[in-house]
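*Asks:* What follows is upload26.txt, made up of compact mmCIF, C-alpha atoms:
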```
# COMPACT_ATOMS: atom_id res chain seq x y z
CA MET M 1 71.15 69.08 125.94
CA ALA M 2 69.58 72.54 125.52
CA ALA M 3 71.37 73.14 122.21
CA SER M 4 70.12 69.81 120.83
CA SER M 5 66.55 70.53 121.95
CA THR M 6 66.73 73.81 120.08
CA ALA M 7 67.92 71.96 116.99
CA LEU M 8 64.97 69.59 117.35
CA ASP M 9 62.51 72.49 117.63
CA ALA M 10 64.00 74.05 114.51
CA ALA M 11 63.69 70.78 112.59
CA VAL M 12 59.90 70.41 112.85
CA GLY M 13 57.33 72.11 110.66
CA LEU M 14 54.61 72.35 113.29
CA ALA M 15 55.21 72.13 117.04
CA PHE M 16 53.81 68.92 118.56
CA GLU M 17 51.63 70.83 121.02
CA THR M 18 50.15 72.94 118.20
CA ARG M 19 49.41 69.81 116.18
CA LEU M 20 47.55 68.29 119.13
CA ALA M 21 45.68 71.55 119.73
CA ARG M 22 44.56 71.67 116.10
CA ALA M 23 43.28 68.12 116.45
CA GLY M 24 41.38 69.07 119.62
CA ALA M 25 43.62 66.78 121.65
CA TRP M 26 45.43 69.34 123.78
CA PRO M 27 46.31 68.99 126.58
CA LEU M 28 47.13 65.33 126.58
CA THR M 29 45.99 64.08 129.98
CA ALA M 30 47.03 61.09 132.03
CA ALA M 31 44.69 58.33 133.11
CA ARG M 32 45.17 56.51 136.42
CA PRO M 33 48.75 55.23 136.47
CA ASN M 34 49.02 51.45 136.50
CA LEU M 35 52.73 50.96 135.83
CA LEU M 36 55.74 52.30 137.67
CA GLN M 37 58.90 52.48 135.61
CA LEU M 38 61.93 52.77 137.85
CA ASN M 39 65.18 53.99 136.39
CA LEU M 40 67.67 52.41 138.75
CA GLY M 41 70.60 54.40 137.41
CA TYR M 42 72.66 55.19 134.35
CA ARG M 43 75.50 52.72 134.91
CA CYS M 44 75.65 50.19 132.09
CA ASN M 45 78.07 47.57 130.84
CA LEU M 46 77.44 48.80 127.27
CA ASN M 47 77.82 52.18 125.58
CA CYS M 48 75.17 52.08 122.83
CA LYS M 49 75.18 54.69 120.12
CA HIS M 50 71.43 55.29 120.39
CA CYS M 51 71.03 55.44 124.17
CA HIS M 52 68.69 58.32 125.01
CA LEU M 53 70.05 58.46 128.56
CA GLU M 54 73.66 58.27 127.43
CA ALA M 55 74.25 55.45 129.90
CA GLY M 56 77.60 53.72 130.12
CA PRO M 57 80.24 52.13 132.35
CA ASP M 58 81.42 55.51 133.65
CA ARG M 59 78.04 56.77 134.85
CA THR M 60 77.61 56.79 138.62
CA GLU M 61 73.98 57.91 139.09
CA GLU M 62 72.14 55.26 141.12
CA MET M 63 68.77 55.07 142.87
CA SER M 64 69.29 55.27 146.63
CA PRO M 65 67.73 52.81 149.11
CA ALA M 66 65.49 55.63 150.37
CA VAL M 67 64.10 56.27 146.88
CA LEU M 68 63.58 52.54 146.33
CA GLU M 69 61.60 52.36 149.58
CA ALA M 70 59.60 55.47 148.65
CA ALA M 71 58.73 53.99 145.24
CA LEU M 72 57.56 50.73 146.83
CA ALA M 73 55.50 52.67 149.38
CA PHE M 74 53.91 54.80 146.65
CA ALA M 75 53.01 51.71 144.64
CA GLU M 76 51.53 50.09 147.74
CA ARG M 77 49.33 53.03 148.68
CA SER M 78 48.29 53.55 145.05
CA GLY M 79 47.45 49.94 144.22
CA ILE M 80 50.07 49.80 141.45
CA ALA M 81 51.32 46.25 140.96
CA GLN M 82 53.28 46.51 137.71
CA PHE M 83 56.93 47.50 137.76
CA ASP M 84 59.22 48.13 134.82
CA LEU M 85 62.88 48.19 135.84
CA THR M 86 65.24 50.03 133.55
CA GLY M 87 68.53 51.93 133.54
CA GLY M 88 71.40 51.79 132.44
CA ALA M 89 71.57 48.10 133.11
CA PRO M 90 69.12 47.76 136.03
CA GLU M 91 70.74 44.49 137.11
CA LEU M 92 73.94 46.38 138.00
CA HIS M 93 72.13 48.17 140.82
CA PRO M 94 73.37 46.61 144.08
CA ARG M 95 69.79 46.20 145.34
CA PHE M 96 68.24 44.96 142.10
CA ARG M 97 67.58 41.45 143.41
CA TRP M 98 66.29 42.78 146.72
CA LEU M 99 63.88 45.05 144.84
CA VAL M 100 62.60 42.23 142.64
CA GLU M 101 62.03 40.04 145.71
CA GLN M 102 60.17 42.86 147.46
CA ILE M 103 57.86 43.37 144.49
CA ARG M 104 57.23 39.68 143.98
CA ALA M 105 56.55 39.17 147.70
CA ARG M 106 53.74 41.73 147.25
CA GLN M 107 52.37 39.81 144.25
CA GLY M 108 53.67 42.52 141.92
CA ASP M 109 54.61 41.95 138.31
CA VAL M 110 58.17 42.81 137.19
CA ILE M 111 59.58 43.57 133.76
CA ASP M 112 63.38 43.62 133.56
CA ARG M 113 64.66 45.74 130.65
CA CYS M 114 67.68 43.59 129.98
CA ASN M 115 70.47 44.37 127.52
CA LEU M 116 71.34 40.62 127.34
CA ALA M 117 75.10 41.26 127.49
CA ILE M 118 74.72 41.69 131.25
CA LEU M 119 73.97 37.98 131.54
CA GLY M 120 77.61 37.22 130.69
CA GLU M 121 79.19 39.75 133.05
CA PRO M 122 81.28 38.56 136.01
CA GLY M 123 79.12 38.28 139.10
CA GLN M 124 75.94 37.76 137.07
CA GLU M 125 76.42 34.04 136.43
CA ASP M 126 73.24 33.13 138.33
CA LEU M 127 71.14 36.07 137.12
CA VAL M 128 69.04 34.01 134.69
CA GLU M 129 68.23 31.48 137.42
CA PHE M 130 67.23 34.32 139.73
CA LEU M 131 64.98 35.94 137.10
CA ALA M 132 63.34 32.61 136.30
CA ALA M 133 62.79 31.74 139.96
CA GLN M 134 61.13 35.12 140.50
CA ARG M 135 59.06 34.76 137.30
CA VAL M 136 60.39 38.11 136.07
CA ARG M 137 59.28 39.08 132.58
CA VAL M 138 62.35 39.81 130.48
CA ALA M 139 62.22 42.56 127.85
CA ALA M 140 65.49 42.12 126.00
CA SER M 141 66.81 44.69 123.60
CA LEU M 142 68.07 43.17 120.35
CA PRO M 143 68.71 45.69 117.58
CA HIS M 144 68.86 43.07 114.81
CA TYR M 145 69.22 39.35 114.14
CA ASN M 146 72.24 40.20 112.04
CA ARG M 147 75.70 40.58 113.60
CA GLU M 148 76.85 43.59 111.59
CA MET M 149 73.64 45.58 112.07
CA THR M 150 73.66 44.94 115.81
CA ASP M 151 77.33 45.73 116.30
CA ARG M 152 76.90 49.03 114.48
CA VAL M 153 74.61 50.16 117.31
CA ARG M 154 75.96 48.26 120.27
CA GLY M 155 79.67 48.14 119.54
CA ALA M 156 82.00 45.59 117.97
CA GLY M 157 81.63 42.05 119.26
CA VAL M 158 78.46 42.72 121.25
CA PHE M 159 76.15 40.66 119.01
CA ASP M 160 77.76 37.36 120.04
CA ARG M 161 77.28 38.29 123.71
CA LEU M 162 73.59 39.01 123.08
CA ILE M 163 73.10 35.66 121.36
CA ALA M 164 74.85 33.93 124.26
CA GLY M 165 72.48 35.73 126.63
CA LEU M 166 69.43 34.65 124.65
CA LYS M 167 70.63 31.04 124.66
CA LYS M 168 70.98 31.16 128.46
CA LEU M 169 67.44 32.53 128.76
CA ASN M 170 66.07 29.83 126.42
CA ALA M 171 67.90 27.15 128.40
CA ALA M 172 66.14 28.34 131.56
CA GLY M 173 62.78 28.11 129.76
CA TYR M 174 62.42 31.78 128.79
CA GLY M 175 60.55 32.23 125.52
CA ARG M 176 59.51 28.57 125.38
CA PRO M 177 55.78 27.95 124.98
CA GLY M 178 54.15 26.68 128.15
CA SER M 179 56.98 27.76 130.48
CA GLY M 180 55.19 30.91 131.61
CA LEU M 181 58.54 32.70 131.33
CA GLU M 182 58.03 35.62 128.99
CA LEU M 183 60.89 36.72 126.74
CA THR M 184 60.04 39.82 124.75
CA LEU M 185 62.54 41.07 122.21
CA VAL M 186 62.71 44.82 121.74
CA HIS M 187 63.76 46.10 118.33
CA SER M 188 64.42 49.62 117.18
CA PRO M 189 65.90 50.48 113.78
CA ALA M 190 69.67 50.70 113.52
CA GLY M 191 69.71 54.23 112.10
CA ALA M 192 67.70 57.21 110.92
CA LEU M 193 64.82 54.98 109.91
CA LEU M 194 61.25 54.50 110.96
CA PRO M 195 60.43 50.94 111.99
CA ALA M 196 58.40 48.62 109.80
CA GLN M 197 55.22 46.87 110.94
CA GLN M 198 55.71 44.97 114.18
CA THR M 199 54.02 41.79 112.94
CA SER M 200 56.17 41.63 109.81
CA LEU M 201 59.42 42.14 111.72
CA GLU M 202 58.43 39.64 114.38
CA GLN M 203 58.13 36.96 111.69
CA GLU M 204 61.55 37.85 110.27
CA PHE M 205 63.19 37.74 113.69
CA ARG M 206 61.45 34.46 114.54
CA THR M 207 62.57 32.77 111.33
CA GLN M 208 66.15 34.07 111.36
CA LEU M 209 66.90 33.55 115.05
CA GLU M 210 65.48 30.03 115.00
CA ARG M 211 67.31 29.08 111.81
CA GLN M 212 70.67 30.66 112.60
CA HIS M 213 70.88 30.19 116.36
CA GLY M 214 68.01 27.94 117.48
CA ILE M 215 66.64 30.82 119.57
CA VAL M 216 62.94 31.21 120.40
CA PHE M 217 61.09 34.10 122.01
CA THR M 218 57.59 35.06 123.10
CA GLN M 219 57.04 38.23 121.08
CA LEU M 220 58.86 41.05 119.35
CA ILE M 221 57.98 44.65 120.02
CA VAL M 222 59.10 47.52 117.85
CA ILE M 223 60.12 50.90 119.22
CA THR M 224 60.75 54.06 117.24
CA ASN M 225 64.04 55.78 118.00
CA ILE M 226 63.08 58.94 119.86
CA PRO M 227 65.17 62.00 118.92
CA VAL M 228 66.76 62.46 122.34
CA GLY M 229 70.25 61.95 123.74
CA ARG M 230 72.86 60.14 121.64
CA PHE M 231 70.35 59.36 118.88
CA LEU M 232 69.52 63.05 118.51
CA LYS M 233 73.22 63.88 118.35
CA PHE M 234 73.67 61.20 115.68
CA LEU M 235 70.82 62.70 113.63
CA GLU M 236 72.34 66.16 113.90
CA ARG M 237 75.87 65.00 113.11
CA THR M 238 74.83 63.08 110.00
CA GLY M 239 72.43 65.65 108.55
CA ASN M 240 69.48 63.33 109.16
CA LEU M 241 67.61 65.38 111.75
CA GLN M 242 65.36 67.40 109.45
CA PRO M 243 64.37 64.49 107.15
CA TYR M 244 63.83 62.18 110.15
CA MET M 245 61.56 64.69 111.86
CA ALA M 246 59.74 65.35 108.57
CA ARG M 247 58.97 61.63 108.28
CA LEU M 248 57.76 61.47 111.89
CA GLU M 249 55.53 64.49 111.33
CA GLN M 250 54.25 63.15 108.02
CA GLN M 251 53.23 59.91 109.75
CA PHE M 252 51.60 61.56 112.77
CA ASN M 253 48.68 59.32 113.71
CA LEU M 254 45.90 60.56 116.00
CA ALA M 255 44.87 56.95 116.66
CA THR M 256 48.04 56.47 118.75
CA LEU M 257 47.00 59.02 121.38
CA PRO M 258 44.66 56.88 123.52
CA ASN M 259 47.32 54.21 124.12
CA LEU M 260 50.47 56.30 124.60
CA MET M 261 52.46 54.94 127.51
CA CYS M 262 52.67 58.32 129.23
CA ARG M 263 48.93 58.12 129.89
CA THR M 264 49.22 55.17 132.27
CA LEU M 265 52.88 55.04 133.28
CA LEU M 266 54.96 56.99 135.75
CA SER M 267 58.68 57.19 135.19
CA ILE M 268 60.76 57.57 138.34
CA GLY M 269 64.26 58.92 137.88
CA TRP M 270 67.23 57.56 139.83
CA ASP M 271 66.93 60.52 142.23
CA GLY M 272 63.19 59.98 142.83
CA THR M 273 61.89 62.69 140.52
CA VAL M 274 58.61 61.80 138.80
CA TYR M 275 58.37 62.09 135.01
CA ASP M 276 55.72 61.35 132.39
CA CYS M 277 58.17 59.04 130.59
CA ASP M 278 61.80 57.99 130.38
CA PHE M 279 62.44 60.40 127.50
CA ASN M 280 61.21 63.37 129.53
CA GLN M 281 63.62 62.16 132.18
CA ALA M 282 66.44 62.35 129.63
CA LEU M 283 65.34 65.90 128.82
CA ALA M 284 64.96 66.90 132.50
CA LEU M 285 61.24 67.61 132.06
CA PRO M 286 59.56 66.57 135.33
CA ILE M 287 55.78 66.20 135.45
CA ALA M 288 53.80 69.36 134.92
CA ASN M 289 51.57 69.90 137.92
CA GLY M 290 53.48 72.40 139.95
CA ALA M 291 57.01 72.07 141.21
CA PRO M 292 59.07 68.98 140.38
CA LEU M 293 57.61 66.11 142.35
CA HIS M 294 59.56 63.53 144.34
CA ILE M 295 58.12 60.03 144.55
CA GLN M 296 57.93 60.23 148.35
CA ASP M 297 55.45 63.12 148.02
CA ALA M 298 53.49 61.65 145.11
CA ARG M 299 49.75 61.11 145.45
CA LEU M 300 47.71 59.14 142.96
CA GLU M 301 44.83 61.64 143.06
CA THR M 302 46.96 64.52 141.81
CA LEU M 303 48.75 62.43 139.19
CA THR M 304 45.56 61.10 137.62
CA GLY M 305 44.23 63.56 135.07
CA ARG M 306 47.41 65.65 135.00
CA ALA M 307 48.47 67.36 131.78
CA ILE M 308 51.39 65.48 130.23
CA ARG M 309 54.44 67.50 129.25
CA CYS M 310 54.90 67.16 125.53
CA ARG M 311 57.68 68.46 123.31
CA ASN M 312 58.67 67.77 119.73
CA HIS M 313 60.37 64.46 120.62
CA CYS M 314 56.81 63.18 121.23
CA TYR M 315 56.40 62.88 117.45
CA GLY M 316 58.43 59.68 117.88
CA CYS M 317 55.66 57.97 119.85
CA THR M 318 52.83 59.12 117.57
CA ALA M 319 54.18 58.22 114.12
CA GLY M 320 52.59 55.40 112.15
CA GLN M 321 51.71 52.48 114.38
CA GLY M 322 53.02 54.49 117.35
CA SER M 323 55.65 53.50 119.86
CA SER M 324 55.85 52.75 123.54
CA CYS M 325 57.80 50.62 126.00
CA GLY M 326 55.28 47.93 125.00
CA GLY M 327 55.78 48.42 121.26
CA ALA M 328 53.19 49.60 118.72
CA VAL M 329 50.08 51.29 120.10
CA ALA M 330 47.88 51.51 116.98
CA GLU M 331 47.16 49.52 113.81
CA MET T 332 64.45 74.15 85.50
CA SER T 333 68.07 73.83 86.65
CA GLU T 334 67.96 70.17 87.66
CA TYR T 335 65.86 67.11 86.85
CA TYR T 336 66.07 65.29 90.22
CA ARG T 337 65.64 66.86 93.66
CA ALA T 338 65.50 64.77 96.86
CA GLU T 339 62.65 66.83 98.30
CA ASP T 340 60.47 65.92 95.32
CA LEU T 341 60.04 62.42 96.78
CA GLY T 342 57.92 64.01 99.51
CA LYS T 343 55.71 65.52 96.81
CA PHE T 344 54.83 62.18 95.25
CA GLY T 345 51.29 62.61 96.55
CA ASP T 346 50.88 65.67 94.33
CA MET T 347 50.38 63.23 91.47
CA GLY T 348 46.90 62.69 92.90
CA LYS T 349 45.86 66.32 92.41
CA ALA T 350 44.87 66.22 88.77
CA ALA T 351 43.65 62.63 88.67
CA PRO T 352 42.52 61.70 92.20
CA ALA T 353 40.53 58.60 91.25
CA LEU T 354 43.45 57.05 89.41
CA TRP T 355 45.84 57.98 92.22
CA GLU T 356 43.55 56.38 94.79
CA LYS T 357 43.42 53.15 92.79
CA PHE T 358 47.20 53.15 92.34
CA ASN T 359 47.74 53.69 96.08
CA ALA T 360 45.33 50.96 97.11
CA TRP T 361 46.92 48.48 94.71
CA TYR T 362 50.45 49.54 95.66
CA GLY T 363 49.66 49.04 99.35
CA GLU T 364 48.29 45.56 98.69
CA VAL T 365 51.29 44.57 96.57
CA PHE T 366 53.73 45.18 99.40
CA LYS T 367 51.79 43.34 102.09
CA ALA T 368 53.19 39.98 103.19
CA GLY T 369 51.79 37.13 101.14
CA ALA T 370 53.66 34.25 99.56
CA LEU T 371 56.67 36.57 99.93
CA THR T 372 57.55 38.40 103.14
CA GLU T 373 57.56 42.20 103.32
CA ARG T 374 61.36 42.11 103.51
CA GLU T 375 61.63 39.99 100.36
CA LYS T 376 59.27 42.29 98.47
CA SER T 377 61.25 45.30 99.59
CA LEU T 378 64.48 43.73 98.30
CA ILE T 379 62.83 43.04 94.94
CA ALA T 380 61.67 46.67 94.84
CA LEU T 381 65.21 47.82 95.61
CA ALA T 382 66.62 45.66 92.82
CA VAL T 383 64.04 46.94 90.34
CA ALA T 384 64.72 50.51 91.48
CA HIS T 385 68.30 50.02 90.31
CA ALA T 386 67.17 48.48 87.04
CA VAL T 387 64.90 51.44 86.25
CA GLN T 388 67.54 53.75 87.79
CA CYS T 389 65.02 55.78 89.76
CA PRO T 390 66.80 57.80 92.48
CA TYR T 391 63.55 58.34 94.37
CA CYS T 392 62.89 54.61 94.48
CA ILE T 393 66.49 53.89 95.52
CA ASP T 394 66.17 56.36 98.40
CA ALA T 395 62.76 55.05 99.47
CA TYR T 396 63.56 51.34 99.21
CA THR T 397 66.96 51.62 100.87
CA GLN T 398 65.11 52.95 103.90
CA ASP T 399 62.26 50.50 103.51
CA ALA T 400 64.47 47.43 103.16
CA LEU T 401 66.55 48.37 106.22
CA ALA T 402 63.41 49.04 108.25
CA LYS T 403 61.96 45.68 107.24
CA GLY T 404 64.96 43.80 108.53
CA ALA T 405 67.22 43.55 105.50
CA ASP T 406 70.90 44.28 105.95
CA VAL T 407 73.42 45.91 103.64
CA ALA T 408 74.82 42.53 102.52
CA GLN T 409 71.37 41.35 101.37
CA MET T 410 70.72 44.67 99.67
CA THR T 411 74.07 44.55 97.88
CA GLU T 412 73.37 41.02 96.64
CA ALA T 413 69.96 42.19 95.39
CA ILE T 414 71.70 44.84 93.28
CA HIS T 415 74.11 42.25 91.91
CA VAL T 416 71.01 40.39 90.73
CA THR T 417 69.96 43.58 88.93
CA ALA T 418 73.38 43.94 87.40
CA ALA T 419 73.54 40.27 86.38
CA ILE T 420 70.18 40.44 84.63
CA ARG T 421 71.08 43.70 82.91
CA GLY T 422 74.47 42.31 81.86
CA GLY T 423 72.98 39.00 80.84
CA ALA T 424 70.29 40.76 78.82
CA SER T 425 73.01 42.54 76.84
CA LEU T 426 74.98 39.37 76.32
CA VAL T 427 72.00 37.26 75.26
CA HIS T 428 71.35 39.80 72.52
CA GLY T 429 74.76 38.79 71.28
CA VAL T 430 73.05 35.69 69.91
CA GLN T 431 71.03 38.00 67.68
CA MET T 432 74.29 39.63 66.58
CA ARG T 433 75.79 36.22 65.83
CA ASN T 434 72.69 35.15 63.91
CA ARG T 435 72.82 38.29 61.81
CA ALA T 436 76.54 38.04 61.25
CA GLY T 437 76.04 34.44 60.20
CA SER T 438 73.51 35.52 57.63
CA LEU T 439 75.91 38.06 56.17
CA LEU T 440 79.10 36.02 56.04
CA PRO T 441 79.97 32.90 54.10
CA GLU T 442 79.79 29.66 56.11
```
Could I get this file's structure written as structure tokens?
*Replies:*
Amino acid sequence: MAASSTALDAAVGLAFETRLARAGAWPLTAARPNLLQLNLGYRCNLNCKHCHLEAGPDRTEEMSPAVLEAALAFAERSGIAQFDLTGGAPELHPRFRWLVEQIRARQGDVIDRCNLAILGEPGQEDLVEFLAAQRVRVAASLPHYNREMTDRVRGAGVFDRLIAGLKKLNAAGYGRPGSGLELTLVHSPAGALLPAQQTSLEQEFRTQLERQHGIVFTQLIVITNIPVGRFLKFLERTGNLQPYMARLEQQFNLATLPNLMCRTLLSIGWDGTVYDCDFNQALALPIANGAPLHIQDARLETLTGRAIRCRNHCYGCTAGQGSSCGGAVAE
Amino acid sequence: MSEYYRAEDLGKFGDMGKAAPALWEKFNAWYGEVFKAGALTEREKSLIALAVAHAVQCPYCIDAYTQDALAKGADVAQMTEAIHVTAAIRGGASLVHGVQMRNRAGSLLPE
């Protein structure tokens, strides 16, 4: 990881921190956190080429029951009611359903970052029914409405499994107007490309998925591929790193800063370490105020107003319309 | 000058505004409007741009609109078909001029 980070640093013209300083925006500080993103572990049923956490079937890291309890306790004492469950495939965690029930019993709101293919895995036959019964918001990653483009990223044959998953979700009411069951599709470009406007792509996805597969969804959000993990290695291997970073730098947009997800989100690693975001987790960059912080010791007062740890990968969230777990952050 | 086309020159396109900023500003504003979704989607406009890029054989445009079309949701099959449209029109344009050849030949030869 260190070698790749060095390559990233060498590929930018101006360090991200320096750019913020020149704009009078350094340090970037956090507001009061209102969303807890829990990374339940790196085990996944897929092995995607762009995964920043390099998750896959062979990974064994998994959030322990003690860390799950500590995260719930922190949220309770901090008044945080929004949870974003990610991984790996978060549903593969043995206590995923228990966790969802705990959060919902406390009137919390849950987003499940679902890779769709999980819905067809053995043992997950009733997962859609469970998610619907718990009113979980599903954020489903779909690289493209086209088979070839999706399989390039996800692996051969995966597209058909994703479509099957979407059909199951639609059948349970997800994505259908009036059902109250939110189905957000998450798109990021298939290669060394910056994403187009979210509204334009949403219309394309809506038209194509409806026409080709009869699939409906609530909204599409667009995420820029952040140069971390497997995607960074891909950029390096294919000679795309320097031009990709040049485009990100060229499109640096100050207007994205107020709404960056790191300002209101806390990312909790599988081992309980607190990070400013999931990408910092991939880079082993725990939050900045003092020694690495475990969620059981976290206090809202010290986390609010902290300086966020930025590195050159942060150009990914500040280019153009910006990027976050919730999609674009600026016009 | 050892070469006519360099990939890095695409990034210097904005330099064209240095000597004639008012014209450049107007061009940019118009260009931006042209590619917004209207009766055609942004993806469709990008595919047209890609096809025209091949007709005018501009390597900068081919680079830019390959990226743009992919980002806007086009796939390689759509992009390839768009270039076949270019090729068909270019080929057809040559062939249809054959009528002119035939007309001229007809005027020169006995019936």
*Asks:* At a cut-off of 8 Å, list the chain M residues touching chain T, using all atoms listed in the file, as a VMD selection string.
*Replies:* chain M and resid 144 146 149 189 193 to 197 200 to 201 204
*Asks:* What is the atom CA of Ser5 of chain M to atom CA of Val186 of chain M distance in Å?
*Replies:*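 So the two atoms, atom CA of Ser5 of chain M and atom CA of Val186 of chain M, lie 26.0 Å apart.
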*Asks:* So which one's closest to Asn225 of chain M, M:Ala71, M:Ala319, M:Leu166, M:Ala11? Using only C-alpha atoms, please.
*Replies:*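 Closest residue, counting only C-alpha atoms: M:Ala319.
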*Asks:* One decimal, Å: what's the distance from atom CA of Cys317 of chain M over to atom CA of Leu300 of chain M, could you say?
*Replies:*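 Going from atom CA of Cys317 of chain M over to atom CA of Leu300 of chain M covers 24.5 Å.
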*Asks:* Figure out the distance between atom CA of Ala89 of chain M and atom CA of His50 of chain M, please, to one decimal in Å.
*Replies:*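 Computing the Euclidean distance for atom CA of His50 of chain M and atom CA of Ala89 of chain M yields 14.6 Å.
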*Asks:* Could you list, as a PyMOL selection string, every residue within 6 Å of segment 172-185 of chain M, counting all atoms listed in the file and ignoring same-chain residues fewer than 4 positions away?
*Replies:* chain M and resi 137-141+216-220
*Asks:* Given only C-alpha atoms as the basis, pick out the residue of T:Cys392, T:Gln431, T:Ser438, T:Arg421 nearest to Phe344 of chain T.
*Replies:*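 For Phe344 of chain T, the nearest of the candidates is T:Cys392.
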*Asks:* Point out the residue among M:Leu72, M:Val100, M:Ala330, M:Ile221 with the least atom-to-atom distance to Phe252 of chain M, counting all atoms listed in the file.
*Replies:*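 Going through M:Leu72, M:Val100, M:Ala330, M:Ile221 one by one, the smallest distance to Phe252 of chain M is for M:Ala330.
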*Asks:* If we count only C-alpha atoms, what is near segment 279-287 of chain M at a cut-off of 7 Å, once residues fewer than 4 positions away on the same chain are taken out, given as an NGL selection string?
*Replies:* :M and (52-53 or 269 or 273-275 or 292 or 308-309)
*Asks:* Choose the residue, out of T:Ala353, T:Ala436, T:Ala395, T:Ala382, that has the smallest atom-to-atom separation from Ala419 of chain T; count only C-alpha atoms.
*Replies:* T:Ala382
*Asks:* Tell me, as a list in words, which residues lie within 9 Å of Ala81 of chain M, counting all atoms listed in the file; anything in the same chain fewer than 4 positions away does not count.
*Replies:*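 Using all atoms listed in the file, the neighbours found are Asn34, Leu35, Leu36, Ala75, Glu76, Ile103, Arg106, Gln107, Gly108, Asp109 and Val110 of chain M.
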*Asks:* Determine, using all atoms listed in the file, which residues of segment 248-267 of chain M have any atom at most 12 Å from an atom of segment 22-25 of chain M, and tabulate each with its shortest atom pair and distance in Å to one decimal place, rows ordered by chain and then rising number, as JSON lines.
*Replies:*
```
{"residue": "M:Phe252", "atom": "CA", "partner": "M:Ala23", "partner_atom": "CA", "distance": 11.2}
{"residue": "M:Asn253", "atom": "CA", "partner": "M:Ala23", "partner_atom": "CA", "distance": 10.7}
{"residue": "M:Leu254", "atom": "CA", "partner": "M:Ala23", "partner_atom": "CA", "distance": 8.0}
{"residue": "M:Ala255", "atom": "CA", "partner": "M:Ala25", "partner_atom": "CA", "distance": 11.1}
{"residue": "M:Thr256", "atom": "CA", "partner": "M:Ala25", "partner_atom": "CA", "distance": 11.6}
{"residue": "M:Leu257", "atom": "CA", "partner": "M:Ala25", "partner_atom": "CA", "distance": 8.5}
{"residue": "M:Pro258", "atom": "CA", "partner": "M:Ala25", "partner_atom": "CA", "distance": 10.1}
```
*Asks:* Go through M:Val158, M:Leu169, M:Ile215, M:Cys114 and flag the residue nearest Ala132 of chain M, using only C-alpha atoms for the distances.
*Replies:*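 Ranked by minimum distance to Ala132 of chain M, first place goes to M:Leu169.
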*Asks:* Determine, counting only C-alpha atoms, which protein, DNA and RNA residues have an atom within 10 Å of an atom of Ala413 of chain T; residues of the same chain fewer than 3 positions away are not included. Present the result as a list in words.
*Replies:*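 Near neighbours after the sequence-gap exclusion: Glu375, Leu378, Ile379, Ala380, Leu381, Ala382, Val383, His385, Val407, Ala408, Gln409, Met410, Val416, Thr417, Ala418 and Ala419 of chain T.
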*Asks:* Once 3 Å is added on each side, what are the centre and the three edge lengths, in Å to one decimal, of the axis-aligned box enclosing the listed atoms of segment 6-22 of chain M? Present them as JSON.
*Replies:*
```
{"center_x": 56.2, "center_y": 71.2, "center_z": 115.8, "size_x": 29.4, "size_y": 11.8, "size_z": 16.4}
```
*Asks:* Restrict the output to segment 71-81 of chain M and N, CA and C atoms, then write it as an mmCIF file, in the first residue's frame.
*Replies:*
```
data_model
loop_
_atom_site.group_PDB
_atom_site.id
_atom_site.type_symbol
_atom_site.label_atom_id
_atom_site.label_comp_id
_atom_site.auth_asym_id
_atom_site.auth_seq_id
_atom_site.Cartn_x
_atom_site.Cartn_y
_atom_site.Cartn_z
ATOM 1 N N ALA M 71 -20.225 0.185 19.014
ATOM 2 C CA ALA M 71 -20.712 1.138 18.004
ATOM 3 C C ALA M 71 -22.150 1.547 18.314
ATOM 4 N N LEU M 72 -22.966 0.580 18.704
ATOM 5 C CA LEU M 72 -24.360 0.899 19.062
ATOM 6 C C LEU M 72 -24.396 1.819 20.286
ATOM 7 N N ALA M 73 -23.537 1.535 21.256
ATOM 8 C CA ALA M 73 -23.505 2.348 22.477
ATOM 9 C C ALA M 73 -23.054 3.775 22.161
ATOM 10 N N PHE M 74 -22.056 3.893 21.286
ATOM 11 C CA PHE M 74 -21.581 5.233 20.904
ATOM 12 C C PHE M 74 -22.700 6.020 20.224
ATOM 13 N N ALA M 75 -23.393 5.346 19.299
ATOM 14 C CA ALA M 75 -24.483 6.017 18.582
ATOM 15 C C ALA M 75 -25.563 6.471 19.567
ATOM 16 N N GLU M 76 -25.852 5.620 20.517
ATOM 17 C CA GLU M 76 -26.897 5.922 21.511
ATOM 18 C C GLU M 76 -26.515 7.155 22.333
ATOM 19 N N ARG M 77 -25.292 7.169 22.844
ATOM 20 C CA ARG M 77 -24.905 8.291 23.709
ATOM 21 C C ARG M 77 -24.635 9.568 22.918
ATOM 22 N N SER M 78 -24.492 9.427 21.591
ATOM 23 C CA SER M 78 -24.206 10.600 20.757
ATOM 24 C C SER M 78 -25.428 11.094 19.994
ATOM 25 N N GLY M 79 -26.522 10.388 20.108
ATOM 26 C CA GLY M 79 -27.737 10.797 19.392
ATOM 27 C C GLY M 79 -27.634 10.598 17.889
ATOM 28 N N ILE M 80 -26.822 9.640 17.464
ATOM 29 C CA ILE M 80 -26.700 9.339 16.025
ATOM 30 C C ILE M 80 -27.678 8.223 15.673
ATOM 31 N N ALA M 81 -28.558 8.513 14.714
ATOM 32 C CA ALA M 81 -29.611 7.537 14.386
ATOM 33 C C ALA M 81 -29.462 6.966 12.982
#
```
